[in-house]
Number of protein chains: 2
Amino acid sequence: MDKLTAIFKALSDRNRLRIVSALLKHDELCACQLTELLQVTGATASRHMGILISSGLVDSRKDGRWVYYRIRRKQADSDVLIKWIETQLSRDPDVALDAIKLDEITSCEPEELCRKQRGEKCCPIPAH
Amino acid sequence: MDKLTAIFKALSDRNRLRIVSALLKHDELCACQLTELLQVTGATASRHMGILISSGLVDSRKDGRWVYYRIRRKQADSDVLIKWIETQLSRDPDVALDAIKLDEITSCEPEELCRKQRGEKCCPIPAH
DNA sequence: ACATTAGTTAGACACTTGGCTAACTATGCA
DNA sequence: TGCATAGTTAGCCAAGTGTCTAACTAATGT
């Protein structure tokens, strides 16, 4: 039962649902991209990712300085749940807005995005 | 998205999951039976029920002094979710313990149970 | 080696949540 | 009409959560 409550706790936060929704669309995203999407500090995003990972819903992969996240789909158990969430989110207007923003974010490489987050001009992410 | 987070918040508490699991097995249960199962005050149980109802997962029906609750199944949306939860809970040892206790609780009428909760001797619910 | 930097961990703080008791509401019965 | 009682609401408190800043870790590149 604890495993189940952990999954639901992980999904019960708006920003974490936004992360899940982003990963459902983009398959793999790095920390800085998710940070940019949510407009929170890296520390906050990292904590959210930690919660999603320990619930078993998300996997991470380190590549150099970057960490990439993706939905854990191999687990037959949670796959039904993930699919249900996907259906629910597909009609959500907030998710649609995030999708647009995500397309902008992923239009440049993470490296450029990180430069932008340090305040340097680089790739064309419009200010919101 | 708020509707979805409300559903997951509702499900992210251990006692509320126990309530859901009880209602999956017994179709309809009254407040005093759920109070007895969780071993919390009536006020606490009532708050949990309120959260489950406003998430849309549970319906209530008043019958005289008693209020009966049941899983809201007509909603095609959440039906898949409910079924998934049912599957997950079916292998859970804590749920199995609750099931035994519930059989004892439902073996007497709510009216008798309420007398018992006031400290009067009535139907044979063993002390735990 | 050393400086730079992407991400995590620690600590602080405001807000939320789960539990309780006590007061309240509403239904049934004498 | 008035008492008893099942359930809800209000108010309180301890514990948990989401966010931030600051310190830390690990990887890159000069």
# chains A, B, ... in the order shown; residues from 1 in each chain; ligands from 1
call {"tool": "interface_residues", "arguments": {"of": "chain C", "to": "chain A", "cutoff": "10 Å", "atoms": "only C-alpha atoms (C1' of nucleotides)", "output": "PDB file with N, CA and C atoms (P, O5', C5', C4', C3', O3' and C1' of nucleotides), in the first residue's frame"}}
result
ATOM      1  P    DT C   5      30.699  29.029 -16.266  1.00  0.00           P
ATOM      2  O5'  DT C   5      29.944  27.666 -15.970  1.00  0.00           O
ATOM      3  C5'  DT C   5      30.079  26.590 -16.886  1.00  0.00           C
ATOM      4  C4'  DT C   5      29.289  25.399 -16.384  1.00  0.00           C
ATOM      5  C3'  DT C   5      27.923  25.768 -15.807  1.00  0.00           C
ATOM      6  O3'  DT C   5      27.027  24.689 -16.043  1.00  0.00           O
ATOM      7  C1'  DT C   5      29.106  24.617 -14.219  1.00  0.00           C
ATOM      8  P    DA C   6      25.645  24.929 -16.775  1.00  0.00           P
ATOM      9  O5'  DA C   6      24.907  23.552 -16.526  1.00  0.00           O
ATOM     10  C5'  DA C   6      25.321  22.379 -17.246  1.00  0.00           C
ATOM     11  C4'  DA C   6      24.824  21.158 -16.505  1.00  0.00           C
ATOM     12  C3'  DA C   6      23.386  21.246 -16.035  1.00  0.00           C
ATOM     13  O3'  DA C   6      22.761  19.976 -16.216  1.00  0.00           O
ATOM     14  C1'  DA C   6      24.814  21.002 -14.157  1.00  0.00           C
ATOM     15  P    DG C   7      21.267  19.704 -15.795  1.00  0.00           P
ATOM     16  O5'  DG C   7      21.401  19.192 -14.297  1.00  0.00           O
ATOM     17  C5'  DG C   7      22.010  17.922 -14.071  1.00  0.00           C
ATOM     18  C4'  DG C   7      22.195  17.706 -12.593  1.00  0.00           C
ATOM     19  C3'  DG C   7      20.909  17.716 -11.772  1.00  0.00           C
ATOM     20  O3'  DG C   7      20.750  16.435 -11.177  1.00  0.00           O
ATOM     21  C1'  DG C   7      22.628  18.935 -10.720  1.00  0.00           C
ATOM     22  P    DT C   8      19.605  16.075 -10.125  1.00  0.00           P
ATOM     23  O5'  DT C   8      20.328  16.175  -8.698  1.00  0.00           O
ATOM     24  C5'  DT C   8      21.474  15.381  -8.456  1.00  0.00           C
ATOM     25  C4'  DT C   8      21.947  15.570  -7.024  1.00  0.00           C
ATOM     26  C3'  DT C   8      20.868  15.361  -5.966  1.00  0.00           C
ATOM     27  O3'  DT C   8      21.415  14.527  -4.962  1.00  0.00           O
ATOM     28  C1'  DT C   8      21.894  17.467  -5.655  1.00  0.00           C
ATOM     29  P    DT C   9      20.574  14.027  -3.684  1.00  0.00           P
ATOM     30  O5'  DT C   9      21.091  14.943  -2.477  1.00  0.00           O
ATOM     31  C5'  DT C   9      22.476  15.219  -2.350  1.00  0.00           C
ATOM     32  C4'  DT C   9      22.703  16.104  -1.142  1.00  0.00           C
ATOM     33  C3'  DT C   9      21.714  15.920   0.005  1.00  0.00           C
ATOM     34  O3'  DT C   9      22.449  16.047   1.220  1.00  0.00           O
ATOM     35  C1'  DT C   9      21.650  18.148  -0.707  1.00  0.00           C
TER      36       DT C   9
END
call {"tool": "interface_residues", "arguments": {"of": "chain D", "to": "chain B", "cutoff": "9 Å", "atoms": "only C-alpha atoms (C1' of nucleotides)", "output": "short mmCIF file (atom, residue, chain, number, x, y, z; two decimals) with C-alpha atoms (C1' of nucleotides), in the first residue's frame"}}
result
data_model
loop_
_atom_site.label_atom_id
_atom_site.label_comp_id
_atom_site.auth_asym_id
_atom_site.auth_seq_id
_atom_site.Cartn_x
_atom_site.Cartn_y
_atom_site.Cartn_z
"C1'" DT D 5 -27.56 10.52 18.40
"C1'" DA D 6 -25.09 10.05 13.42
"C1'" DG D 7 -22.52 12.91 10.94
"C1'" DT D 8 -20.36 17.60 9.73
"C1'" DT D 9 -17.92 21.84 10.66
#
call {"tool": "closest_atom_pairs", "arguments": {"of": "chain A", "to": "chain B", "cutoff": "8 Å", "atoms": "only C-alpha atoms", "output": "CSV"}}
result
residue,atom,partner,partner_atom,distance
A:Met1,CA,B:Asp92,CA,6.4
A:Asp2,CA,B:Arg14,CA,7.5
A:Leu4,CA,B:Gln88,CA,7.7
A:Thr5,CA,B:Ser12,CA,4.7
A:Ala6,CA,B:Ser12,CA,7.0
A:Ile7,CA,B:Ser12,CA,7.7
A:Phe8,CA,B:Ser12,CA,4.7
A:Lys9,CA,B:Ser12,CA,4.8
A:Leu11,CA,B:Phe8,CA,6.1
A:Ser12,CA,B:Thr5,CA,4.7
A:Asp13,CA,B:Thr5,CA,6.2
A:Arg14,CA,B:Thr5,CA,6.4
A:Leu17,CA,B:Thr5,CA,7.8
A:Val80,CA,B:Trp84,CA,7.2
A:Leu81,CA,B:Leu81,CA,6.8
A:Trp84,CA,B:Leu81,CA,7.0
A:Gln88,CA,B:Leu4,CA,7.8
A:Leu89,CA,B:Met1,CA,7.1
A:Asp92,CA,B:Met1,CA,6.4
A:Asp94,CA,B:Met1,CA,7.1
A:Val95,CA,B:Met1,CA,7.9
call {"tool": "closest_residue", "arguments": {"among": "D:DG11, D:DG16, D:DG2, D:DT28", "to": "C:DT17", "atoms": "only C-alpha atoms (C1' of nucleotides)"}}
result
D:DG16
call {"tool": "atom_distance", "arguments": {"atom1": "atom C1' of C:DA3", "atom2": "atom C1' of D:DA26"}}
result
14.0 Å
call {"tool": "residues_around", "arguments": {"residues": "D:DA10", "least_positions_apart": "2", "cutoff": "10 Å", "atoms": "only C-alpha atoms (C1' of nucleotides)", "output": "list in words"}}
result
DA22, DA23 and DC24 of chain C; DT8 and DC12 of chain D
call {"tool": "residues_around", "arguments": {"residues": "D:DA14", "least_positions_apart": "4", "cutoff": "12 Å", "atoms": "only C-alpha atoms (C1' of nucleotides)", "output": "PyMOL selection string"}}
result
chain C and resi 17-20
call {"tool": "select_by_dssp", "arguments": {"residues": "chain B", "states": "helix (DSSP H, G or I)", "output": "PyMOL selection string"}}
result
chain B and resi 2-11+14-26+31-38+42-54+76-90+93-105+110-117
call {"tool": "residues_around", "arguments": {"residues": "A:Ala22", "least_positions_apart": "5", "cutoff": "9 Å", "atoms": "only C-alpha atoms (C1' of nucleotides)", "output": "PyMOL selection string"}}
result
chain A and resi 17+27-29+34+37+95+98-99+102
call {"tool": "decode", "arguments": {"residues": "stretch 11-65 of chain B", "atoms": "C-alpha atoms", "output": "CSV table (one decimal), in the first residue's frame"}}
result
chain,number,residue,atom,x,y,z
B,11,LEU,CA,-5.7,8.7,-3.3
B,12,SER,CA,-2.4,9.7,-1.7
B,13,ASP,CA,-3.4,9.1,1.8
B,14,ARG,CA,-3.2,5.6,3.4
B,15,ASN,CA,-6.5,5.8,5.2
B,16,ARG,CA,-8.3,7.1,2.2
B,17,LEU,CA,-6.9,4.2,0.1
B,18,ARG,CA,-8.1,1.9,2.8
B,19,ILE,CA,-11.6,3.4,2.5
B,20,VAL,CA,-11.5,3.0,-1.3
B,21,SER,CA,-10.4,-0.6,-0.9
B,22,ALA,CA,-13.2,-1.2,1.6
B,23,LEU,CA,-15.8,0.3,-0.8
B,24,LEU,CA,-14.4,-1.8,-3.7
B,25,LYS,CA,-15.2,-5.0,-1.7
B,26,HIS,CA,-18.4,-4.0,0.0
B,27,ASP,CA,-20.1,-1.8,-2.5
B,28,GLU,CA,-21.8,0.3,0.1
B,29,LEU,CA,-20.7,1.2,3.6
B,30,CYS,CA,-21.9,3.7,6.2
B,31,ALA,CA,-19.8,6.2,8.0
B,32,CYS,CA,-19.8,4.4,11.3
B,33,GLN,CA,-18.5,1.2,9.6
B,34,LEU,CA,-15.6,3.1,8.0
B,35,THR,CA,-14.9,4.9,11.3
B,36,GLU,CA,-14.7,1.5,12.9
B,37,LEU,CA,-12.4,0.1,10.3
B,38,LEU,CA,-9.9,3.0,10.4
B,39,GLN,CA,-10.1,3.4,14.2
B,40,VAL,CA,-10.3,7.2,14.0
B,41,THR,CA,-12.8,9.7,15.3
B,42,GLY,CA,-16.0,10.2,13.3
B,43,ALA,CA,-14.8,13.7,12.5
B,44,THR,CA,-11.7,12.5,10.9
B,45,ALA,CA,-13.5,9.8,8.9
B,46,SER,CA,-16.0,12.5,7.8
B,47,ARG,CA,-13.2,14.7,6.5
B,48,HIS,CA,-11.7,11.9,4.5
B,49,MET,CA,-15.0,11.1,3.0
B,50,GLY,CA,-15.5,14.8,2.1
B,51,ILE,CA,-12.1,14.7,0.2
B,52,LEU,CA,-13.0,11.5,-1.6
B,53,ILE,CA,-16.4,12.9,-2.6
B,54,SER,CA,-15.1,16.2,-3.8
B,55,SER,CA,-12.6,14.4,-5.9
B,56,GLY,CA,-15.5,12.7,-7.6
B,57,LEU,CA,-14.4,9.2,-6.7
B,58,VAL,CA,-17.1,8.5,-4.1
B,59,ASP,CA,-20.8,9.2,-3.9
B,60,SER,CA,-22.9,9.5,-0.7
B,61,ARG,CA,-26.5,8.8,0.1
B,62,LYS,CA,-28.3,9.8,3.2
B,63,ASP,CA,-30.8,7.4,4.7
B,64,GLY,CA,-32.3,8.7,7.9
B,65,ARG,CA,-29.5,9.3,10.4
